[in-house]
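S.K.: You'll find query_8.cif just under this line, and it carries mmCIF, C-alpha atoms.
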data_final
#
loop_
_atom_site.group_PDB
_atom_site.id
_atom_site.type_symbol
_atom_site.label_atom_id
_atom_site.label_comp_id
_atom_site.auth_asym_id
_atom_site.auth_seq_id
_atom_site.Cartn_x
_atom_site.Cartn_y
_atom_site.Cartn_z
ATOM 1 C CA MET A 1 -10.664 -2.499 -24.041
ATOM 2 C CA ALA A 2 -8.016 -0.140 -25.466
ATOM 3 C CA ARG A 3 -10.520 2.711 -25.669
ATOM 4 C CA TYR A 4 -11.601 2.173 -22.082
ATOM 5 C CA LEU A 5 -7.975 1.988 -20.922
ATOM 6 C CA ILE A 6 -7.127 5.319 -22.576
ATOM 7 C CA LYS A 7 -10.196 6.962 -21.060
ATOM 8 C CA ARG A 8 -9.386 5.527 -17.639
ATOM 9 C CA LEU A 9 -5.776 6.694 -17.806
ATOM 10 C CA LEU A 10 -6.886 10.199 -18.765
ATOM 11 C CA THR A 11 -8.922 10.415 -15.574
ATOM 12 C CA ILE A 12 -5.698 9.940 -13.625
ATOM 13 C CA ILE A 13 -4.468 13.408 -14.633
ATOM 14 C CA PRO A 14 -7.090 15.509 -12.770
ATOM 15 C CA THR A 15 -6.908 13.098 -9.835
ATOM 16 C CA ILE A 16 -3.149 13.549 -9.545
ATOM 17 C CA ILE A 17 -3.480 17.329 -9.887
ATOM 18 C CA GLY A 18 -6.064 17.342 -7.104
ATOM 19 C CA VAL A 19 -3.832 15.257 -4.857
ATOM 20 C CA VAL A 20 -0.815 17.456 -5.589
ATOM 21 C CA THR A 21 -2.761 20.656 -4.893
ATOM 22 C CA MET A 22 -4.180 19.413 -1.596
ATOM 23 C CA VAL A 23 -0.872 17.984 -0.410
ATOM 24 C CA PHE A 24 1.111 21.091 -1.377
ATOM 25 C CA PHE A 25 -1.006 23.502 0.642
ATOM 26 C CA LEU A 26 -1.511 21.121 3.577
ATOM 27 C CA VAL A 27 2.231 20.485 3.854
ATOM 28 C CA HIS A 28 2.930 24.193 3.994
ATOM 29 C CA LEU A 29 0.532 24.505 6.917
ATOM 30 C CA ILE A 30 2.797 22.281 9.039
ATOM 31 C CA PRO A 31 4.325 24.425 11.803
ATOM 32 C CA GLY A 32 8.068 24.950 11.609
ATOM 33 C CA ASP A 33 10.678 26.345 9.270
ATOM 34 C CA PRO A 34 12.855 23.964 7.215
ATOM 35 C CA VAL A 35 15.639 26.550 7.145
ATOM 36 C CA THR A 36 15.727 26.652 10.956
ATOM 37 C CA VAL A 37 15.721 22.838 11.046
ATOM 38 C CA MET A 38 18.717 22.719 8.698
ATOM 39 C CA LEU A 39 20.811 25.559 10.149
ATOM 40 C CA GLY A 40 19.692 25.462 13.754
ATOM 41 C CA GLU A 41 18.001 28.086 15.887
ATOM 42 C CA HIS A 42 21.240 29.968 16.556
ATOM 43 C CA ALA A 43 22.071 30.596 12.888
ATOM 44 C CA MET A 44 22.414 34.182 11.757
ATOM 45 C CA ALA A 45 19.507 35.885 10.001
ATOM 46 C CA VAL A 46 21.698 36.516 6.947
ATOM 47 C CA GLU A 47 22.490 32.834 6.614
ATOM 48 C CA LYS A 48 18.804 31.910 6.945
ATOM 49 C CA ALA A 49 17.780 34.474 4.342
ATOM 50 C CA ALA A 50 20.434 33.239 1.901
ATOM 51 C CA LEU A 51 19.390 29.607 2.281
ATOM 52 C CA ARG A 52 15.705 30.506 2.036
ATOM 53 C CA HIS A 53 16.399 32.332 -1.235
ATOM 54 C CA GLN A 54 18.492 29.432 -2.512
ATOM 55 C CA LEU A 55 15.667 26.984 -1.834
ATOM 56 C CA GLY A 56 13.031 29.288 -3.297
ATOM 57 C CA LEU A 57 11.132 29.515 -0.014
ATOM 58 C CA ASP A 58 11.136 33.307 -0.076
ATOM 59 C CA GLN A 59 8.726 33.363 -3.018
ATOM 60 C CA PRO A 60 4.938 33.659 -2.570
ATOM 61 C CA LEU A 61 3.188 30.370 -1.877
ATOM 62 C CA LEU A 62 1.229 30.515 -5.126
ATOM 63 C CA SER A 63 4.441 30.992 -7.121
ATOM 64 C CA GLN A 64 6.005 27.984 -5.385
ATOM 65 C CA TYR A 65 2.911 25.928 -6.246
ATOM 66 C CA LEU A 66 2.966 26.918 -9.926
ATOM 67 C CA ILE A 67 6.694 26.135 -10.169
ATOM 68 C CA PHE A 68 6.125 22.745 -8.562
ATOM 69 C CA LEU A 69 3.141 21.977 -10.813
ATOM 70 C CA LYS A 70 5.129 22.964 -13.906
ATOM 71 C CA GLY A 71 7.993 20.749 -12.803
ATOM 72 C CA ILE A 72 5.675 17.739 -12.447
ATOM 73 C CA PHE A 73 4.522 18.044 -16.051
ATOM 74 C CA HIS A 74 8.193 18.030 -17.059
ATOM 75 C CA GLY A 75 8.951 15.008 -14.894
ATOM 76 C CA ASN A 76 10.736 17.065 -12.242
ATOM 77 C CA LEU A 77 9.615 16.685 -8.623
ATOM 78 C CA GLY A 78 12.036 19.315 -7.398
ATOM 79 C CA SER A 79 15.074 19.072 -5.123
ATOM 80 C CA SER A 80 15.081 17.769 -1.583
ATOM 81 C CA ILE A 81 15.741 20.428 1.032
ATOM 82 C CA PHE A 82 17.316 17.883 3.396
ATOM 83 C CA TYR A 83 19.284 15.659 0.994
ATOM 84 C CA ARG A 84 20.153 18.409 -1.536
ATOM 85 C CA LEU A 85 19.428 15.853 -4.272
ATOM 86 C CA PRO A 86 16.622 15.488 -6.842
ATOM 87 C CA VAL A 87 13.493 14.146 -5.145
ATOM 88 C CA SER A 88 12.928 11.644 -7.943
ATOM 89 C CA SER A 89 16.356 10.043 -7.463
ATOM 90 C CA VAL A 90 15.930 9.697 -3.690
ATOM 91 C CA ILE A 91 12.469 8.174 -4.105
ATOM 92 C CA ALA A 92 13.741 5.851 -6.837
ATOM 93 C CA ASP A 93 16.295 4.482 -4.366
ATOM 94 C CA ARG A 94 13.671 3.890 -1.662
ATOM 95 C CA LEU A 95 10.623 2.778 -3.680
ATOM 96 C CA PRO A 96 11.879 -0.764 -4.532
ATOM 97 C CA ALA A 97 12.140 -1.584 -0.820
ATOM 98 C CA THR A 98 8.504 -0.572 -0.265
ATOM 99 C CA ILE A 99 7.336 -2.572 -3.294
ATOM 100 C CA ILE A 100 9.237 -5.626 -2.028
ATOM 101 C CA LEU A 101 7.643 -5.275 1.408
ATOM 102 C CA ALA A 102 4.131 -4.751 -0.005
ATOM 103 C CA THR A 103 4.499 -7.744 -2.352
ATOM 104 C CA ALA A 104 5.772 -9.975 0.447
ATOM 105 C CA ALA A 105 2.932 -8.835 2.722
ATOM 106 C CA MET A 106 0.400 -9.590 -0.002
ATOM 107 C CA GLY A 107 1.958 -13.033 -0.463
ATOM 108 C CA VAL A 108 1.689 -13.726 3.274
ATOM 109 C CA ALA A 109 -1.933 -12.572 3.266
ATOM 110 C CA LEU A 110 -2.894 -14.782 0.310
ATOM 111 C CA LEU A 111 -1.098 -17.833 1.697
ATOM 112 C CA ILE A 112 -3.082 -17.516 4.911
ATOM 113 C CA ALA A 113 -6.411 -16.160 3.674
ATOM 114 C CA LEU A 114 -7.216 -18.295 0.623
ATOM 115 C CA PRO A 115 -6.843 -21.765 2.225
ATOM 116 C CA LEU A 116 -8.523 -20.574 5.429
ATOM 117 C CA GLY A 117 -11.383 -18.882 3.577
ATOM 118 C CA ILE A 118 -11.965 -21.839 1.267
ATOM 119 C CA LEU A 119 -12.025 -24.346 4.135
ATOM 120 C CA ALA A 120 -14.345 -22.106 6.142
ATOM 121 C CA GLY A 121 -16.668 -21.691 3.160
ATOM 122 C CA CYS A 122 -16.800 -25.427 2.453
ATOM 123 C CA ARG A 123 -17.422 -26.305 6.112
ATOM 124 C CA GLN A 124 -19.766 -23.636 7.402
ATOM 125 C CA TYR A 125 -20.255 -23.523 11.195
ATOM 126 C CA SER A 126 -17.492 -26.088 11.708
ATOM 127 C CA ALA A 127 -14.438 -25.745 13.933
ATOM 128 C CA ILE A 128 -12.372 -24.376 11.035
ATOM 129 C CA ASP A 129 -15.098 -21.824 10.325
ATOM 130 C CA ASN A 130 -15.124 -20.694 13.956
ATOM 131 C CA PHE A 131 -11.331 -20.450 13.896
ATOM 132 C CA SER A 132 -11.538 -18.373 10.716
ATOM 133 C CA MET A 133 -13.916 -15.950 12.424
ATOM 134 C CA PHE A 134 -11.640 -15.729 15.466
ATOM 135 C CA PHE A 135 -8.577 -15.127 13.288
ATOM 136 C CA SER A 136 -10.378 -12.402 11.334
ATOM 137 C CA LEU A 137 -11.407 -10.535 14.463
ATOM 138 C CA LEU A 138 -7.936 -10.922 15.956
ATOM 139 C CA GLY A 139 -6.126 -9.853 12.788
ATOM 140 C CA ILE A 140 -8.220 -6.741 12.248
ATOM 141 C CA SER A 141 -7.968 -5.765 15.923
ATOM 142 C CA MET A 142 -4.153 -5.812 16.043
ATOM 143 C CA PRO A 143 -2.588 -2.540 14.811
ATOM 144 C CA ASN A 144 0.801 -2.633 13.113
ATOM 145 C CA PHE A 145 2.464 -0.471 15.760
ATOM 146 C CA TRP A 146 1.515 -3.099 18.390
ATOM 147 C CA LEU A 147 2.005 -6.334 16.426
ATOM 148 C CA GLY A 148 5.414 -5.293 15.059
ATOM 149 C CA PRO A 149 7.122 -4.734 18.430
ATOM 150 C CA LEU A 150 5.436 -7.879 19.779
ATOM 151 C CA LEU A 151 6.977 -9.972 16.983
ATOM 152 C CA ILE A 152 10.345 -8.294 17.548
ATOM 153 C CA ILE A 153 10.266 -9.171 21.245
ATOM 154 C CA ALA A 154 9.252 -12.780 20.557
ATOM 155 C CA PHE A 155 11.344 -13.735 17.513
ATOM 156 C CA SER A 156 14.256 -11.291 17.620
ATOM 157 C CA ILE A 157 14.977 -10.609 21.286
ATOM 158 C CA LYS A 158 13.717 -13.731 23.059
ATOM 159 C CA LEU A 159 14.377 -16.439 20.443
ATOM 160 C CA ASP A 160 17.062 -14.597 18.427
ATOM 161 C CA TRP A 161 15.791 -16.145 15.182
ATOM 162 C CA LEU A 162 15.272 -13.055 13.040
ATOM 163 C CA PRO A 163 16.860 -9.583 12.735
ATOM 164 C CA VAL A 164 15.334 -6.727 14.682
ATOM 165 C CA SER A 165 15.409 -4.207 11.852
ATOM 166 C CA GLY A 166 17.020 -3.215 8.577
ATOM 167 C CA MET A 167 17.101 -4.801 5.130
ATOM 168 C CA ASP A 168 20.224 -6.922 5.276
ATOM 169 C CA SER A 169 18.891 -10.313 4.140
ATOM 170 C CA LEU A 170 15.760 -12.271 3.316
ATOM 171 C CA LYS A 171 15.261 -12.925 7.027
ATOM 172 C CA SER A 172 14.823 -9.189 7.552
ATOM 173 C CA LEU A 173 11.699 -9.315 5.377
ATOM 174 C CA ILE A 174 9.815 -11.969 7.377
ATOM 175 C CA LEU A 175 8.643 -9.971 10.399
ATOM 176 C CA PRO A 176 7.654 -6.786 8.485
ATOM 177 C CA ALA A 177 5.764 -8.863 5.913
ATOM 178 C CA ILE A 178 3.850 -10.747 8.612
ATOM 179 C CA THR A 179 3.094 -7.509 10.453
ATOM 180 C CA LEU A 180 1.778 -5.789 7.341
ATOM 181 C CA GLY A 181 -0.010 -8.832 5.903
ATOM 182 C CA THR A 182 -1.890 -10.052 8.988
ATOM 183 C CA ALA A 183 -4.729 -7.516 8.854
ATOM 184 C CA LEU A 184 -5.114 -8.035 5.106
ATOM 185 C CA ALA A 185 -5.220 -11.819 5.593
ATOM 186 C CA ALA A 186 -8.063 -11.372 8.078
ATOM 187 C CA ILE A 187 -10.065 -9.301 5.578
ATOM 188 C CA LEU A 188 -9.405 -11.626 2.629
ATOM 189 C CA SER A 189 -10.276 -14.799 4.549
ATOM 190 C CA ARG A 190 -13.732 -13.444 5.458
ATOM 191 C CA MET A 191 -14.278 -12.156 1.942
ATOM 192 C CA THR A 192 -13.292 -15.519 0.422
ATOM 193 C CA ARG A 193 -15.603 -17.380 2.800
ATOM 194 C CA SER A 194 -18.583 -15.084 2.162
ATOM 195 C CA SER A 195 -18.124 -15.098 -1.590
ATOM 196 C CA LEU A 196 -17.720 -18.881 -1.716
ATOM 197 C CA LEU A 197 -20.839 -19.469 0.407
ATOM 198 C CA GLU A 198 -22.839 -17.276 -1.949
ATOM 199 C CA VAL A 199 -21.606 -19.141 -5.037
ATOM 200 C CA ILE A 200 -21.997 -22.640 -3.579
ATOM 201 C CA SER A 201 -25.750 -22.152 -3.230
ATOM 202 C CA GLN A 202 -26.191 -21.449 -6.962
ATOM 203 C CA GLU A 203 -28.197 -23.880 -9.076
ATOM 204 C CA TYR A 204 -25.491 -24.482 -11.679
ATOM 205 C CA LEU A 205 -23.261 -26.030 -9.033
ATOM 206 C CA THR A 206 -26.089 -28.355 -7.994
ATOM 207 C CA ALA A 207 -26.429 -29.344 -11.644
ATOM 208 C CA ALA A 208 -22.681 -29.962 -11.874
ATOM 209 C CA ARG A 209 -22.820 -32.299 -8.897
ATOM 210 C CA ALA A 210 -25.835 -34.052 -10.408
ATOM 211 C CA ARG A 211 -23.774 -34.776 -13.519
ATOM 212 C CA GLY A 212 -21.371 -36.737 -11.350
ATOM 213 C CA LEU A 213 -18.467 -34.286 -11.221
ATOM 214 C CA PRO A 214 -16.141 -34.817 -8.249
ATOM 215 C CA GLY A 215 -16.542 -32.382 -5.383
ATOM 216 C CA TRP A 216 -13.027 -30.949 -5.743
ATOM 217 C CA LYS A 217 -13.598 -30.296 -9.460
ATOM 218 C CA VAL A 218 -16.895 -28.522 -8.780
ATOM 219 C CA LEU A 219 -15.137 -26.410 -6.159
ATOM 220 C CA MET A 220 -11.995 -25.517 -8.098
ATOM 221 C CA LYS A 221 -13.350 -25.213 -11.637
ATOM 222 C CA HIS A 222 -16.770 -23.696 -11.054
ATOM 223 C CA ALA A 223 -17.301 -22.368 -7.536
ATOM 224 C CA LEU A 224 -13.922 -20.867 -6.714
ATOM 225 C CA LYS A 225 -13.416 -19.297 -10.125
ATOM 226 C CA ASN A 226 -16.670 -17.352 -9.865
ATOM 227 C CA ALA A 227 -16.097 -16.508 -6.219
ATOM 228 C CA LEU A 228 -12.740 -14.864 -6.941
ATOM 229 C CA LEU A 229 -14.084 -11.646 -8.464
ATOM 230 C CA PRO A 230 -14.851 -9.779 -5.207
ATOM 231 C CA VAL A 231 -11.651 -11.194 -3.705
ATOM 232 C CA VAL A 232 -9.625 -9.787 -6.605
ATOM 233 C CA THR A 233 -11.286 -6.421 -5.976
ATOM 234 C CA ILE A 234 -10.065 -6.385 -2.383
ATOM 235 C CA VAL A 235 -6.587 -7.638 -3.378
ATOM 236 C CA GLY A 236 -6.156 -4.915 -5.996
ATOM 237 C CA LEU A 237 -7.385 -2.118 -3.766
ATOM 238 C CA GLN A 238 -5.454 -3.333 -0.735
ATOM 239 C CA PHE A 239 -2.184 -3.630 -2.659
ATOM 240 C CA GLY A 240 -2.328 0.088 -3.262
ATOM 241 C CA ALA A 241 -3.232 0.577 0.385
ATOM 242 C CA LEU A 242 -0.251 -1.545 1.441
ATOM 243 C CA LEU A 243 2.096 0.965 -0.182
ATOM 244 C CA SER A 244 0.700 3.731 1.998
ATOM 245 C CA GLY A 245 0.003 1.527 5.006
ATOM 246 C CA ALA A 246 3.621 0.394 5.092
ATOM 247 C CA ILE A 247 4.608 3.718 6.669
ATOM 248 C CA VAL A 248 4.121 2.544 10.260
ATOM 249 C CA THR A 249 5.615 -0.886 9.612
ATOM 250 C CA GLU A 250 8.674 0.604 7.928
ATOM 251 C CA LYS A 251 9.205 2.919 10.872
ATOM 252 C CA VAL A 252 8.910 0.071 13.413
ATOM 253 C CA PHE A 253 11.401 -2.161 11.577
ATOM 254 C CA SER A 254 13.632 0.646 10.226
ATOM 255 C CA TRP A 255 12.816 -0.569 6.720
ATOM 256 C CA PRO A 256 14.471 1.753 4.168
ATOM 257 C CA GLY A 257 11.358 2.357 2.081
ATOM 258 C CA ILE A 258 9.335 5.310 0.942
ATOM 259 C CA GLY A 259 7.244 5.247 4.130
ATOM 260 C CA SER A 260 10.162 5.899 6.449
ATOM 261 C CA LEU A 261 11.413 8.476 3.953
ATOM 262 C CA LEU A 262 8.062 10.277 4.163
ATOM 263 C CA ILE A 263 8.140 10.384 7.970
ATOM 264 C CA GLN A 264 11.688 11.735 7.920
ATOM 265 C CA ALA A 265 10.669 14.382 5.379
ATOM 266 C CA VAL A 266 7.795 15.509 7.595
ATOM 267 C CA PHE A 267 10.090 15.904 10.621
ATOM 268 C CA THR A 268 12.694 17.838 8.626
ATOM 269 C CA ARG A 269 10.035 20.001 6.917
ATOM 270 C CA ASP A 270 11.312 18.802 3.544
ATOM 271 C CA TYR A 271 8.333 20.045 1.540
ATOM 272 C CA PRO A 272 9.392 18.784 -1.915
ATOM 273 C CA MET A 273 10.155 15.311 -0.521
ATOM 274 C CA VAL A 274 6.804 15.061 1.280
ATOM 275 C CA GLN A 275 4.979 16.108 -1.864
ATOM 276 C CA GLY A 276 6.977 13.697 -4.015
ATOM 277 C CA CYS A 277 6.422 10.733 -1.690
ATOM 278 C CA ILE A 278 2.678 11.267 -1.434
ATOM 279 C CA LEU A 279 2.444 11.837 -5.177
ATOM 280 C CA VAL A 280 4.205 8.538 -5.913
ATOM 281 C CA ILE A 281 2.092 6.635 -3.367
ATOM 282 C CA SER A 282 -1.102 8.125 -4.831
ATOM 283 C CA PHE A 283 -0.027 7.254 -8.372
ATOM 284 C CA CYS A 284 0.730 3.653 -7.370
ATOM 285 C CA TYR A 285 -2.667 3.407 -5.695
ATOM 286 C CA ILE A 286 -4.460 4.651 -8.803
ATOM 287 C CA ILE A 287 -2.515 2.313 -11.094
ATOM 288 C CA ALA A 288 -3.382 -0.617 -8.815
ATOM 289 C CA ASN A 289 -7.081 0.270 -9.102
ATOM 290 C CA VAL A 290 -6.927 0.460 -12.907
ATOM 291 C CA ALA A 291 -5.043 -2.853 -13.105
ATOM 292 C CA THR A 292 -7.700 -4.461 -10.899
ATOM 293 C CA GLU A 293 -10.506 -3.319 -13.187
ATOM 294 C CA LEU A 294 -8.715 -4.677 -16.243
ATOM 295 C CA PHE A 295 -8.040 -7.980 -14.496
ATOM 296 C CA TYR A 296 -11.791 -8.472 -14.046
ATOM 297 C CA ALA A 297 -12.181 -9.305 -17.733
ATOM 298 C CA LEU A 298 -9.612 -12.092 -17.481
ATOM 299 C CA ILE A 299 -11.490 -13.739 -14.615
ATOM 300 C CA ASP A 300 -15.072 -13.172 -15.810
ATOM 301 C CA PRO A 301 -15.546 -13.184 -19.628
ATOM 302 C CA ARG A 302 -19.006 -11.672 -19.129
ATOM 303 C CA ILE A 303 -17.406 -8.342 -18.254
ATOM 304 C CA HIS A 304 -16.686 -6.070 -21.202
ATOM 305 C CA TYR A 305 -15.349 -2.532 -21.101
ATOM 306 C CA GLU A 306 -16.555 -0.136 -23.729
#
Would you give me this structure, written as structure tokens?
M.R.:
Amino acid sequence: MARYLIKRLLTIIPTIIGVVTMVFFLVHLIPGDPVTVMLGEHAMAVEKAALRHQLGLDQPLLSQYLIFLKGIFHGNLGSSIFYRLPVSSVIADRLPATIILATAAMGVALLIALPLGILAGCRQYSAIDNFSMFFSLLGISMPNFWLGPLLIIAFSIKLDWLPVSGMDSLKSLILPAITLGTALAAILSRMTRSSLLEVISQEYLTAARARGLPGWKVLMKHALKNALLPVVTIVGLQFGALLSGAIVTEKVFSWPGIGSLLIQAVFTRDYPMVQGCILVISFCYIIANVATELFYALIDPRIHYE
């Protein structure tokens, strides 16, 4: 296990370098000049040249890339053009909010998907199964930028139960978490149902029932445990996707996370901040994938990593 973990972690390095390289050159293709954004269009040419030299934007693009790549290996993501602060410190202030939102959204998805998927799998073609199918289609069909404002209108403006935006209290987390977790709940419920139906038809479960084991024990101890492996795969992969998918939700609810920070950095042409945000999101996604693979062995003892 330790040998596999070391090998897997080493593969992260070229992946991160590839992501950094692609993001760096794509970001610099965005039209606009960060110096003009900061000083305004009516600023003097001397002032623009001085600021461009101060920020290192007057150097060749390849030199800027090598400086940025060298800084990453030293744990330095550069300085924000807009905030005039280290990128790492700004991201460190915003990242906990995104992790909180992603975790809450995952909790909402699991609370909805697991019971619904299990009931649908145990009662195939029943009313609960038909409802599960309807919920899955509805959840996947509703984009975050539509569901978020709809929830705001219903629960914030009309009923005045929950805050419209911000991160002031626990109530502020409810609507963004539901918005972000609904689509994932739809995917997980169908995956749980399909996986459970496949396991239920296995012969060892028929033998367990023949031995007189109660139905709930056969379901919980044998069927559900073996049906969880593909579900865990989706959960692990989607948790990394939630960190990047939270961008739209954070913007809708003015959630002070890394997603809204990334959008602001794009508008202000803050190249180091854009690169730092995408780098952190990519790293979190990769770590979530590795953690998912390692968690397989805890669920299924038949899996061994060499």
S.K.: Here's the selection I'm unsure about, the PyMOL selection byres ((chain A and resi 35-39) around 8); applied to the file above, which residues does it give, as a ChimeraX atom specification?
M.R.: /A:32-34,40-43,48,51-52,82,268-269
S.K.: Nearest to A:Val252: which of A:Leu147, A:Leu61, A:Leu55, A:Ile128 is it, counting only C-alpha atoms?
M.R.: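 With only C-alpha atoms as the atom set, the closest residue is A:Leu147.
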S.K.: Figure out the distance between atom CA of A:Ile281 and atom CA of A:Thr233, please, to one decimal in Å.
M.R.: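 Interatomic distance here is 18.9 Å.
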S.K.: Give me the residues near A:His28 as a list in words, where near means some atom within 12 Å (using all atoms listed in the file) and where sequence neighbours in that chain fewer than 3 positions away do not count.
M.R.: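 Selected residues are Thr21, Met22, Val23, Phe24, Phe25, Pro31, Gly32, Asp33, Pro34, Leu57, Pro60, Leu61, Leu62, Gln64, Tyr65, Val266, Arg269, Asp270, Tyr271, Pro272, Val274 and Gln275 of chain A.
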S.K.: To verify the selection step, state as an MDAnalysis selection string which residues the PyMOL selection byres ((chain A and resi 288) around 12) yields on this input.
M.R.: chainID A and resid 9 12 232:243 281:287 289:295
S.K.: Could you state the separation of atom CA of A:Ile91 and atom CA of A:Gly259 in Å, given to one decimal place?
M.R.: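 Atom CA of A:Ile91 sits 10.2 Å away from atom CA of A:Gly259.
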S.K.: So which residues get picked by the PyMOL selection byres ((chain A and resi 151-167) around 12) here, written as a ChimeraX atom specification?
M.R.: /A:94,96-98,100-101,142,144-150,168-180,182,249-257,260
S.K.: For A:Ile200, which residue out of A:Asn130, A:Ser141, A:Gln124, A:Asn76 is the nearest one, using all atoms listed in the file?
M.R.: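 Comparing A:Asn130, A:Ser141, A:Gln124, A:Asn76 against A:Ile200, the winner is A:Gln124.
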S.K.: For atom CA of A:Val199 and atom CA of A:Ser132, quote the distance in Å rounded to one decimal.
M.R.: 18.7 Å
S.K.: So which one's closest to A:Ala186, A:Glu47, A:Phe134, A:Ile17, A:Asp93? Using only C-alpha atoms, please.
M.R.: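 Once distances to A:Ala186 are computed over only C-alpha atoms, the minimum belongs to A:Phe134.
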S.K.: Considering only C-alpha atoms, can you say which of A:Ala227, A:Leu188, A:Leu77, A:Ile258 comes closest to A:Gly107?
M.R.: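 With only C-alpha atoms as the atom set, the closest residue is A:Leu188.
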S.K.: Return the padded bounding box of stretch 98-114 of chain A as lines of an AutoDock Vina configuration file: axis-aligned, built from all atoms listed in the file, 3 Å added on each side, with centre and edge lengths in Å to one decimal.
M.R.:
center_x = 1.0
center_y = -9.4
center_z = 0.8
size_x = 22.5
size_y = 23.7
size_z = 14.2
S.K.: I'd like the contact shell of A:Phe131 - 12 Å cut-off, all atoms listed in the file, skipping same-chain residues fewer than 2 positions apart - returned as a PDB file with C-alpha atoms, keeping the file's coordinate frame.
M.R.:
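Writing the result to out07.pdb gives the following:
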ATOM      1  CA  LEU A 116      -8.523 -20.574   5.429  1.00  0.00           C
ATOM      2  CA  GLY A 117     -11.383 -18.882   3.577  1.00  0.00           C
ATOM      3  CA  LEU A 119     -12.025 -24.346   4.135  1.00  0.00           C
ATOM      4  CA  ALA A 120     -14.345 -22.106   6.142  1.00  0.00           C
ATOM      5  CA  ARG A 123     -17.422 -26.305   6.112  1.00  0.00           C
ATOM      6  CA  GLN A 124     -19.766 -23.636   7.402  1.00  0.00           C
ATOM      7  CA  TYR A 125     -20.255 -23.523  11.195  1.00  0.00           C
ATOM      8  CA  SER A 126     -17.492 -26.088  11.708  1.00  0.00           C
ATOM      9  CA  ALA A 127     -14.438 -25.745  13.933  1.00  0.00           C
ATOM     10  CA  ILE A 128     -12.372 -24.376  11.035  1.00  0.00           C
ATOM     11  CA  ASP A 129     -15.098 -21.824  10.325  1.00  0.00           C
ATOM     12  CA  MET A 133     -13.916 -15.950  12.424  1.00  0.00           C
ATOM     13  CA  PHE A 134     -11.640 -15.729  15.466  1.00  0.00           C
ATOM     14  CA  PHE A 135      -8.577 -15.127  13.288  1.00  0.00           C
ATOM     15  CA  SER A 136     -10.378 -12.402  11.334  1.00  0.00           C
ATOM     16  CA  LEU A 137     -11.407 -10.535  14.463  1.00  0.00           C
ATOM     17  CA  LEU A 138      -7.936 -10.922  15.956  1.00  0.00           C
ATOM     18  CA  GLY A 139      -6.126  -9.853  12.788  1.00  0.00           C
ATOM     19  CA  ALA A 186      -8.063 -11.372   8.078  1.00  0.00           C
ATOM     20  CA  SER A 189     -10.276 -14.799   4.549  1.00  0.00           C
ATOM     21  CA  ARG A 190     -13.732 -13.444   5.458  1.00  0.00           C
TER      22      ARG A 190
END
S.K.: Out of A:Gln264, A:Thr11, A:Asn226, A:Ser194, which residue has the shortest atom-to-atom distance to A:Ile118 when counting only C-alpha atoms?
M.R.: A:Ser194
S.K.: Using all atoms listed in the file, which of the listed residues (A:Val87, A:Met106, A:Val20, A:Leu10) sits closest to A:Lys70?
M.R.: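 Under the stated criterion, the closest residue is A:Val20.
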S.K.: Export C-alpha atoms of stretch 280-296 of chain A from the structure just given, as an mmCIF file, in the first residue's frame?
M.R.:
data_model
loop_
_atom_site.group_PDB
_atom_site.id
_atom_site.type_symbol
_atom_site.label_atom_id
_atom_site.label_comp_id
_atom_site.auth_asym_id
_atom_site.auth_seq_id
_atom_site.Cartn_x
_atom_site.Cartn_y
_atom_site.Cartn_z
ATOM 1 C CA VAL A 280 -5.314 24.642 -6.007
ATOM 2 C CA ILE A 281 -8.598 23.329 -7.443
ATOM 3 C CA SER A 282 -6.703 20.863 -9.653
ATOM 4 C CA PHE A 283 -4.580 19.687 -6.727
ATOM 5 C CA CYS A 284 -7.676 19.126 -4.570
ATOM 6 C CA TYR A 285 -9.284 17.164 -7.392
ATOM 7 C CA ILE A 286 -6.245 14.916 -7.767
ATOM 8 C CA ILE A 287 -5.979 14.330 -4.013
ATOM 9 C CA ALA A 288 -9.674 13.399 -3.912
ATOM 10 C CA ASN A 289 -9.085 10.812 -6.653
ATOM 11 C CA VAL A 290 -6.115 9.278 -4.819
ATOM 12 C CA ALA A 291 -8.059 9.166 -1.537
ATOM 13 C CA THR A 292 -10.925 7.411 -3.330
ATOM 14 C CA GLU A 293 -8.624 4.711 -4.684
ATOM 15 C CA LEU A 294 -7.145 4.093 -1.246
ATOM 16 C CA PHE A 295 -10.602 3.942 0.317
ATOM 17 C CA TYR A 296 -11.482 1.038 -1.987
#
